Amino acid sequence: MHEAIVIDTDPGQDDAVALLLAFASRDVLDLKAITTVAGNVPVAQTTANALRIRDLAHADSIPVHRGADAPLVVALETAEFVCGPDGLDGAGLPAPAGEAAPGHAVEAIIAICRAAPDDGITLCPLGPLTNLALAFRLAPDILPKVRRIVVMGGAIGLGNITPAAEFNTYVDPHAAAVVFGCGRPIVMFGLGATLQAIASHAQIARIGALGNVTGKAVHGMLTRPRPGGLGSDGHPMHDPCIIAFLLWPELFEGRDCFVTVETGEGLLRGRTTIDWNGRLKREPNAHVIASVKAPELFERLIERLATLP
Ligand code: RIB
Ligand code: CA
């Protein structure tokens with residue numbers, strides 16, 4: 001049975017690869033919609049980028065809905081210093097052929113959940129959690145229809161945008177707190193997991209040699225110049241882990257934990273506290289992924305990318 005999913009995203013190069021993996025996996029995943037949010041770049045650009053990636057995969061039957069342009073409470077901070085001015089530096093893709101579908105992303109999430117099949121909808125947030133939090137607050141009746149949330153956000157160890165916080169939970173900590181408190185099953189991919197999924201230079205070269213336009217675009221994105229200090233082993237593939245988990249859960253291991261998000265304005269803003277050892281005696285609210293079989297993941301990812309135009 002196909003798992004019905006919505007991908008909420010802020011492309012971003014690693015978001016783009018996640019979208020491509022989902023487009024290449026429609027034999028298994030029922031991708032209902034892509035919803036966009038401000039994050040790596042402002043929402044007009046993340047929306048254009050989602051459309052550009054959709055064009056690349058010839059997947060124009062999947063609607064793209066533009067979403068929140070700012071976090072719930074704090075001012076938007078973006079990451080052009082990592083992703084480039086348009087968020088997809090290196091892709092070499094033209095402007096989108098089509099436009100976003102009518103209706104705000106939050107309305108789309110609510111409508112899709114209300115119309116969900118019996119086994120519900122899996123939400124796959126790859127950026128700040130603003131759209132999901134708004135949907136849950138505006139329409140709490142959809143929560144029972146949320147089968148699970150498989151999220152890229154947070155960190156058990158060091159952060160990446162600040163010493164304490166990972167980018168997605170940092171950008172909208174209040175939304176992250178709403179989502180982690182929503183009471184639905186959550187699978188959390190923080191940096192402790194996603195930084196095990198670094199595409200090596202050899203793997204990136206193989207993608208470039210696939211001979212399709214998708215491989216060329218992905219190779220360009222993953223070999224673009226990046227600022228120092230982001231690692232020279234290859235390119236982190238944070239967001240593709242989310243789609244890979246839906247396809248191949250056997251490649252991942254984790255533990256049920258209680259997780260909270262720091263919403264204060266200080267140095268800990270966006271920090272996720274993960275009670276790995278159960279010290280707080282609180283009911284777990286997330287399955288926190290801790291290990292990734294990265295070589296197998298990249299073998300399978302490359303196989304799937306090869307099937308795209
Ligand atoms: O911290 C990693 C996350 O933020 C990913 O979603 C990536 O797209 C980035 O900007
Ligand atoms: Ca992202």
# chains A, B, ... in the order shown; residues from 1 in each chain; ligands from 1

call {"tool": "residues_near_ligand", "arguments": {"ligand": "ligand 1", "cutoff": "8 Å", "atoms": "only C-alpha atoms and all ligand atoms", "output": "VMD selection string"}}
result
chain A and resid 9 to 15 39 to 40 79 82 to 83 126 to 128 152 to 154 160 to 161 166 to 168 190 to 191 238 to 239

call {"tool": "residues_around", "arguments": {"residues": "stretch 110-123 of chain A", "least_positions_apart": "5", "cutoff": "8 Å", "atoms": "only C-alpha atoms", "output": "short mmCIF file (atom, residue, chain, number, x, y, z; two decimals) with all heavy atoms, in the first residue's frame"}}
result
data_model
loop_
_atom_site.label_atom_id
_atom_site.label_comp_id
_atom_site.auth_asym_id
_atom_site.auth_seq_id
_atom_site.Cartn_x
_atom_site.Cartn_y
_atom_site.Cartn_z
N GLU A 3 2.16 4.84 0.92
CA GLU A 3 2.03 5.74 2.07
C GLU A 3 1.74 7.15 1.53
O GLU A 3 2.49 7.68 0.71
CB GLU A 3 3.32 5.72 2.90
CG GLU A 3 3.23 6.57 4.15
CD GLU A 3 4.36 6.26 5.15
OE1 GLU A 3 5.16 5.32 4.90
OE2 GLU A 3 4.42 6.96 6.18
N ALA A 4 0.64 7.74 1.99
CA ALA A 4 0.28 9.10 1.53
C ALA A 4 1.10 10.12 2.31
O ALA A 4 1.12 10.09 3.54
CB ALA A 4 -1.21 9.34 1.76
N ILE A 5 1.78 10.99 1.58
CA ILE A 5 2.68 11.94 2.24
C ILE A 5 2.49 13.36 1.70
O ILE A 5 2.03 13.57 0.57
CB ILE A 5 4.17 11.54 2.10
CG1 ILE A 5 4.67 11.70 0.65
CG2 ILE A 5 4.40 10.10 2.55
CD1 ILE A 5 6.19 11.57 0.52
N VAL A 6 2.86 14.32 2.55
CA VAL A 6 3.04 15.71 2.14
C VAL A 6 4.46 16.09 2.52
O VAL A 6 4.89 15.82 3.65
CB VAL A 6 2.04 16.65 2.85
CG1 VAL A 6 2.38 18.12 2.56
CG2 VAL A 6 0.61 16.35 2.42
N ILE A 7 5.19 16.70 1.60
CA ILE A 7 6.54 17.18 1.90
C ILE A 7 6.48 18.70 2.08
O ILE A 7 6.05 19.42 1.18
CB ILE A 7 7.53 16.83 0.77
CG1 ILE A 7 7.60 15.30 0.59
CG2 ILE A 7 8.92 17.39 1.09
CD1 ILE A 7 8.52 14.85 -0.54
N ASP A 8 6.87 19.16 3.25
CA ASP A 8 6.91 20.59 3.56
C ASP A 8 8.38 21.01 3.55
O ASP A 8 9.19 20.46 4.31
CB ASP A 8 6.28 20.82 4.95
CG ASP A 8 6.12 22.29 5.25
OD1 ASP A 8 5.22 22.92 4.65
OD2 ASP A 8 6.89 22.82 6.08
N LYS A 32 1.08 13.62 -2.10
CA LYS A 32 -0.15 14.39 -2.31
C LYS A 32 0.15 15.83 -2.69
O LYS A 32 -0.60 16.45 -3.45
CB LYS A 32 -1.00 14.40 -1.03
CG LYS A 32 -1.50 13.03 -0.60
CD LYS A 32 -2.62 12.59 -1.50
CE LYS A 32 -3.30 11.32 -1.02
NZ LYS A 32 -4.15 10.72 -2.05
N ALA A 135 -1.08 24.84 10.92
CA ALA A 135 -2.16 23.89 10.58
C ALA A 135 -2.71 23.23 11.85
O ALA A 135 -3.93 23.11 12.02
CB ALA A 135 -1.65 22.84 9.60
N ALA A 139 -6.49 24.01 12.94
CA ALA A 139 -7.41 22.89 12.69
C ALA A 139 -6.97 21.67 13.50
O ALA A 139 -6.52 20.67 12.93
CB ALA A 139 -7.45 22.56 11.20
N ILE A 142 -7.44 17.89 12.62
CA ILE A 142 -6.66 17.07 11.66
C ILE A 142 -5.67 16.15 12.36
O ILE A 142 -5.15 15.22 11.75
CB ILE A 142 -5.91 17.92 10.60
CG1 ILE A 142 -4.79 18.75 11.25
CG2 ILE A 142 -6.88 18.77 9.80
CD1 ILE A 142 -3.89 19.46 10.23
N PRO A 144 -5.78 13.66 14.48
CA PRO A 144 -5.94 12.20 14.40
C PRO A 144 -5.67 11.64 13.00
O PRO A 144 -5.43 10.45 12.85
CB PRO A 144 -7.41 11.99 14.77
CG PRO A 144 -7.83 13.23 15.49
CD PRO A 144 -7.00 14.34 14.92
N LYS A 145 -5.71 12.51 11.98
CA LYS A 145 -5.45 12.05 10.61
C LYS A 145 -3.95 12.06 10.26
O LYS A 145 -3.56 11.62 9.19
CB LYS A 145 -6.20 12.92 9.58
CG LYS A 145 -7.68 13.07 9.84
CD LYS A 145 -8.40 11.72 9.82
CE LYS A 145 -8.72 11.22 8.44
NZ LYS A 145 -9.73 11.99 7.73
N VAL A 146 -3.16 12.60 11.18
CA VAL A 146 -1.71 12.62 10.95
C VAL A 146 -1.15 11.27 11.42
O VAL A 146 -1.08 10.98 12.60
CB VAL A 146 -1.03 13.78 11.70
CG1 VAL A 146 0.49 13.70 11.54
CG2 VAL A 146 -1.56 15.12 11.19
N ARG A 147 -0.80 10.46 10.45
CA ARG A 147 -0.30 9.11 10.77
C ARG A 147 1.02 9.21 11.53
O ARG A 147 1.23 8.56 12.54
CB ARG A 147 -0.11 8.35 9.46
CG ARG A 147 0.63 7.05 9.58
CD ARG A 147 0.67 6.37 8.23
NE ARG A 147 1.56 5.25 8.21
CZ ARG A 147 1.62 4.36 7.22
NH1 ARG A 147 0.83 4.49 6.17
NH2 ARG A 147 2.46 3.37 7.26
N ARG A 148 1.94 10.04 11.00
CA ARG A 148 3.22 10.27 11.67
C ARG A 148 3.87 11.49 11.02
O ARG A 148 3.50 11.90 9.91
CB ARG A 148 4.14 9.06 11.59
CG ARG A 148 4.42 8.55 10.19
CD ARG A 148 5.34 7.34 10.25
NE ARG A 148 5.59 6.78 8.93
CZ ARG A 148 6.54 5.89 8.67
NH1 ARG A 148 7.31 5.43 9.63
NH2 ARG A 148 6.72 5.43 7.44
N ILE A 149 4.82 12.04 11.76
CA ILE A 149 5.61 13.17 11.26
C ILE A 149 7.06 12.71 11.25
O ILE A 149 7.60 12.32 12.30
CB ILE A 149 5.45 14.40 12.18
CG1 ILE A 149 3.97 14.79 12.30
CG2 ILE A 149 6.29 15.57 11.67
CD1 ILE A 149 3.67 15.72 13.48
N VAL A 150 7.67 12.72 10.08
CA VAL A 150 9.08 12.34 9.98
C VAL A 150 9.84 13.62 9.66
O VAL A 150 9.69 14.19 8.58
CB VAL A 150 9.30 11.27 8.89
CG1 VAL A 150 10.74 10.77 8.92
CG2 VAL A 150 8.35 10.09 9.09
N VAL A 151 10.59 14.11 10.63
CA VAL A 151 11.07 15.48 10.59
C VAL A 151 12.58 15.57 10.58
O VAL A 151 13.25 14.85 11.32
CB VAL A 151 10.49 16.28 11.80
CG1 VAL A 151 10.75 15.59 13.12
CG2 VAL A 151 11.04 17.70 11.85
#

call {"tool": "select_by_dssp", "arguments": {"residues": "stretch 33-170 of chain A", "states": "strand (DSSP E)", "output": "short mmCIF file (atom, residue, chain, number, x, y, z; two decimals) with C-alpha atoms, in the first residue's frame"}}
result
data_model
loop_
_atom_site.label_atom_id
_atom_site.label_comp_id
_atom_site.auth_asym_id
_atom_site.auth_seq_id
_atom_site.Cartn_x
_atom_site.Cartn_y
_atom_site.Cartn_z
CA ALA A 33 1.50 17.82 -2.37
CA ILE A 34 4.61 19.84 -1.76
CA THR A 35 4.21 22.78 0.60
CA THR A 36 6.84 25.49 0.90
CA VAL A 64 3.14 22.96 -4.98
CA HIS A 65 1.51 25.29 -2.43
CA ILE A 121 -1.15 11.23 6.13
CA THR A 122 2.55 11.22 6.83
CA LEU A 123 3.95 14.75 7.09
CA CYS A 124 7.57 15.19 6.05
CA PRO A 125 8.88 18.59 7.14
CA VAL A 146 -1.71 12.62 10.95
CA ARG A 147 -0.30 9.11 10.77
CA ARG A 148 3.22 10.27 11.67
CA ILE A 149 5.61 13.17 11.26
CA VAL A 150 9.08 12.34 9.98
CA VAL A 151 11.07 15.48 10.59
CA MET A 152 14.53 16.86 9.86
#

call {"tool": "atom_distance", "arguments": {"atom1": "atom CA of A:Ala133", "atom2": "atom CA of A:Val73"}}
result
11.9 Å

call {"tool": "closest_residue", "arguments": {"among": "A:Gly278, A:Pro240, A:Pro96, A:Pro225", "to": "ligand 2", "atoms": "only C-alpha atoms and all ligand atoms"}}
result
A:Pro240

call {"tool": "atom_distance", "arguments": {"atom1": "atom CA of A:Ala176", "atom2": "atom CA of A:Arg66"}}
result
19.3 Å

call {"tool": "atom_distance", "arguments": {"atom1": "atom CA of A:Lys293", "atom2": "atom CA of A:Ile204"}}
result
17.2 Å

call {"tool": "residues_around", "arguments": {"residues": "A:Leu76", "least_positions_apart": "6", "cutoff": "12 Å", "atoms": "only C-alpha atoms", "output": "VMD selection string"}}
result
chain A and resid 37 to 43 68 to 70 128 130 167 to 168 170 to 173

call {"tool": "write_last_selection", "arguments": {"atoms": "N, CA, C and O atoms", "output": "PDB file, in the first residue's frame"}}
result
ATOM      1  N   VAL A  37       7.941  26.737   2.598  1.00  0.00           N
ATOM      2  CA  VAL A  37       8.048  27.577   3.786  1.00  0.00           C
ATOM      3  C   VAL A  37       9.328  28.398   3.666  1.00  0.00           C
ATOM      4  O   VAL A  37      10.279  27.989   2.983  1.00  0.00           O
ATOM      5  N   ALA A  38       9.341  29.541   4.330  1.00  0.00           N
ATOM      6  CA  ALA A  38      10.567  30.343   4.380  1.00  0.00           C
ATOM      7  C   ALA A  38      11.578  29.638   5.264  1.00  0.00           C
ATOM      8  O   ALA A  38      11.249  29.153   6.341  1.00  0.00           O
ATOM      9  N   GLY A  39      12.823  29.590   4.802  1.00  0.00           N
ATOM     10  CA  GLY A  39      13.857  28.919   5.587  1.00  0.00           C
ATOM     11  C   GLY A  39      15.216  29.208   4.989  1.00  0.00           C
ATOM     12  O   GLY A  39      15.777  30.280   5.214  1.00  0.00           O
ATOM     13  N   ASN A  40      15.700  28.280   4.179  1.00  0.00           N
ATOM     14  CA  ASN A  40      17.015  28.508   3.559  1.00  0.00           C
ATOM     15  C   ASN A  40      17.047  29.830   2.807  1.00  0.00           C
ATOM     16  O   ASN A  40      18.059  30.534   2.805  1.00  0.00           O
ATOM     17  N   VAL A  41      15.954  30.155   2.134  1.00  0.00           N
ATOM     18  CA  VAL A  41      15.771  31.436   1.433  1.00  0.00           C
ATOM     19  C   VAL A  41      14.310  31.841   1.651  1.00  0.00           C
ATOM     20  O   VAL A  41      13.507  31.041   2.140  1.00  0.00           O
ATOM     21  N   PRO A  42      13.934  33.080   1.294  1.00  0.00           N
ATOM     22  CA  PRO A  42      12.536  33.490   1.506  1.00  0.00           C
ATOM     23  C   PRO A  42      11.552  32.617   0.716  1.00  0.00           C
ATOM     24  O   PRO A  42      11.912  31.955  -0.257  1.00  0.00           O
ATOM     25  N   VAL A  43      10.290  32.671   1.132  1.00  0.00           N
ATOM     26  CA  VAL A  43       9.330  31.687   0.620  1.00  0.00           C
ATOM     27  C   VAL A  43       9.045  31.854  -0.876  1.00  0.00           C
ATOM     28  O   VAL A  43       8.748  30.855  -1.560  1.00  0.00           O
ATOM     29  N   ALA A  68       4.114  29.735   4.625  1.00  0.00           N
ATOM     30  CA  ALA A  68       4.417  30.846   5.535  1.00  0.00           C
ATOM     31  C   ALA A  68       5.679  31.591   5.113  1.00  0.00           C
ATOM     32  O   ALA A  68       6.686  30.982   4.757  1.00  0.00           O
ATOM     33  N   ASP A  69       5.595  32.933   5.202  1.00  0.00           N
ATOM     34  CA  ASP A  69       6.748  33.735   4.809  1.00  0.00           C
ATOM     35  C   ASP A  69       7.614  34.156   5.981  1.00  0.00           C
ATOM     36  O   ASP A  69       8.640  34.795   5.799  1.00  0.00           O
ATOM     37  N   ALA A  70       7.206  33.786   7.192  1.00  0.00           N
ATOM     38  CA  ALA A  70       8.001  34.154   8.365  1.00  0.00           C
ATOM     39  C   ALA A  70       7.661  33.213   9.510  1.00  0.00           C
ATOM     40  O   ALA A  70       6.556  32.658   9.573  1.00  0.00           O
ATOM     41  N   PRO A 128      11.890  24.795   8.482  1.00  0.00           N
ATOM     42  CA  PRO A 128      11.247  25.283   9.704  1.00  0.00           C
ATOM     43  C   PRO A 128       9.791  24.805   9.755  1.00  0.00           C
ATOM     44  O   PRO A 128       9.126  24.667   8.725  1.00  0.00           O
ATOM     45  N   THR A 130       6.927  26.008  10.626  1.00  0.00           N
ATOM     46  CA  THR A 130       5.883  27.027  10.695  1.00  0.00           C
ATOM     47  C   THR A 130       4.542  26.552  10.121  1.00  0.00           C
ATOM     48  O   THR A 130       3.488  26.725  10.758  1.00  0.00           O
ATOM     49  N   PHE A 167      19.576  24.347  12.305  1.00  0.00           N
ATOM     50  CA  PHE A 167      18.947  25.445  11.569  1.00  0.00           C
ATOM     51  C   PHE A 167      17.417  25.436  11.632  1.00  0.00           C
ATOM     52  O   PHE A 167      16.793  26.454  11.925  1.00  0.00           O
ATOM     53  N   ASN A 168      16.782  24.312  11.329  1.00  0.00           N
ATOM     54  CA  ASN A 168      15.314  24.313  11.212  1.00  0.00           C
ATOM     55  C   ASN A 168      14.627  24.620  12.539  1.00  0.00           C
ATOM     56  O   ASN A 168      13.617  25.341  12.568  1.00  0.00           O
ATOM     57  N   TYR A 170      16.074  26.228  14.995  1.00  0.00           N
ATOM     58  CA  TYR A 170      16.487  27.583  15.357  1.00  0.00           C
ATOM     59  C   TYR A 170      15.606  28.623  14.662  1.00  0.00           C
ATOM     60  O   TYR A 170      15.166  29.592  15.279  1.00  0.00           O
ATOM     61  N   VAL A 171      15.330  28.429  13.380  1.00  0.00           N
ATOM     62  CA  VAL A 171      14.617  29.467  12.613  1.00  0.00           C
ATOM     63  C   VAL A 171      13.212  29.683  13.165  1.00  0.00           C
ATOM     64  O   VAL A 171      12.762  30.823  13.293  1.00  0.00           O
ATOM     65  N   ASP A 172      12.518  28.602  13.489  1.00  0.00           N
ATOM     66  CA  ASP A 172      11.191  28.784  14.104  1.00  0.00           C
ATOM     67  C   ASP A 172      11.028  27.871  15.325  1.00  0.00           C
ATOM     68  O   ASP A 172      10.355  26.826  15.267  1.00  0.00           O
ATOM     69  N   PRO A 173      11.638  28.276  16.436  1.00  0.00           N
ATOM     70  CA  PRO A 173      11.593  27.405  17.617  1.00  0.00           C
ATOM     71  C   PRO A 173      10.185  27.235  18.170  1.00  0.00           C
ATOM     72  O   PRO A 173       9.845  26.164  18.694  1.00  0.00           O
TER      73      PRO A 173
END

call {"tool": "closest_residue", "arguments": {"among": "A:Gly98, A:Gly181, A:His2, A:Thr169", "to": "ligand 2", "atoms": "only C-alpha atoms and all ligand atoms"}}
result
A:Thr169

call {"tool": "closest_residue", "arguments": {"among": "A:Gln203, A:Ala22, A:Leu29, A:Ile289", "to": "A:Ile53", "atoms": "only C-alpha atoms"}}
result
A:Ala22

call {"tool": "closest_residue", "arguments": {"among": "A:Val178, A:Leu129, A:Ala101, A:Met188", "to": "A:Asp60", "atoms": "only C-alpha atoms"}}
result
A:Ala101
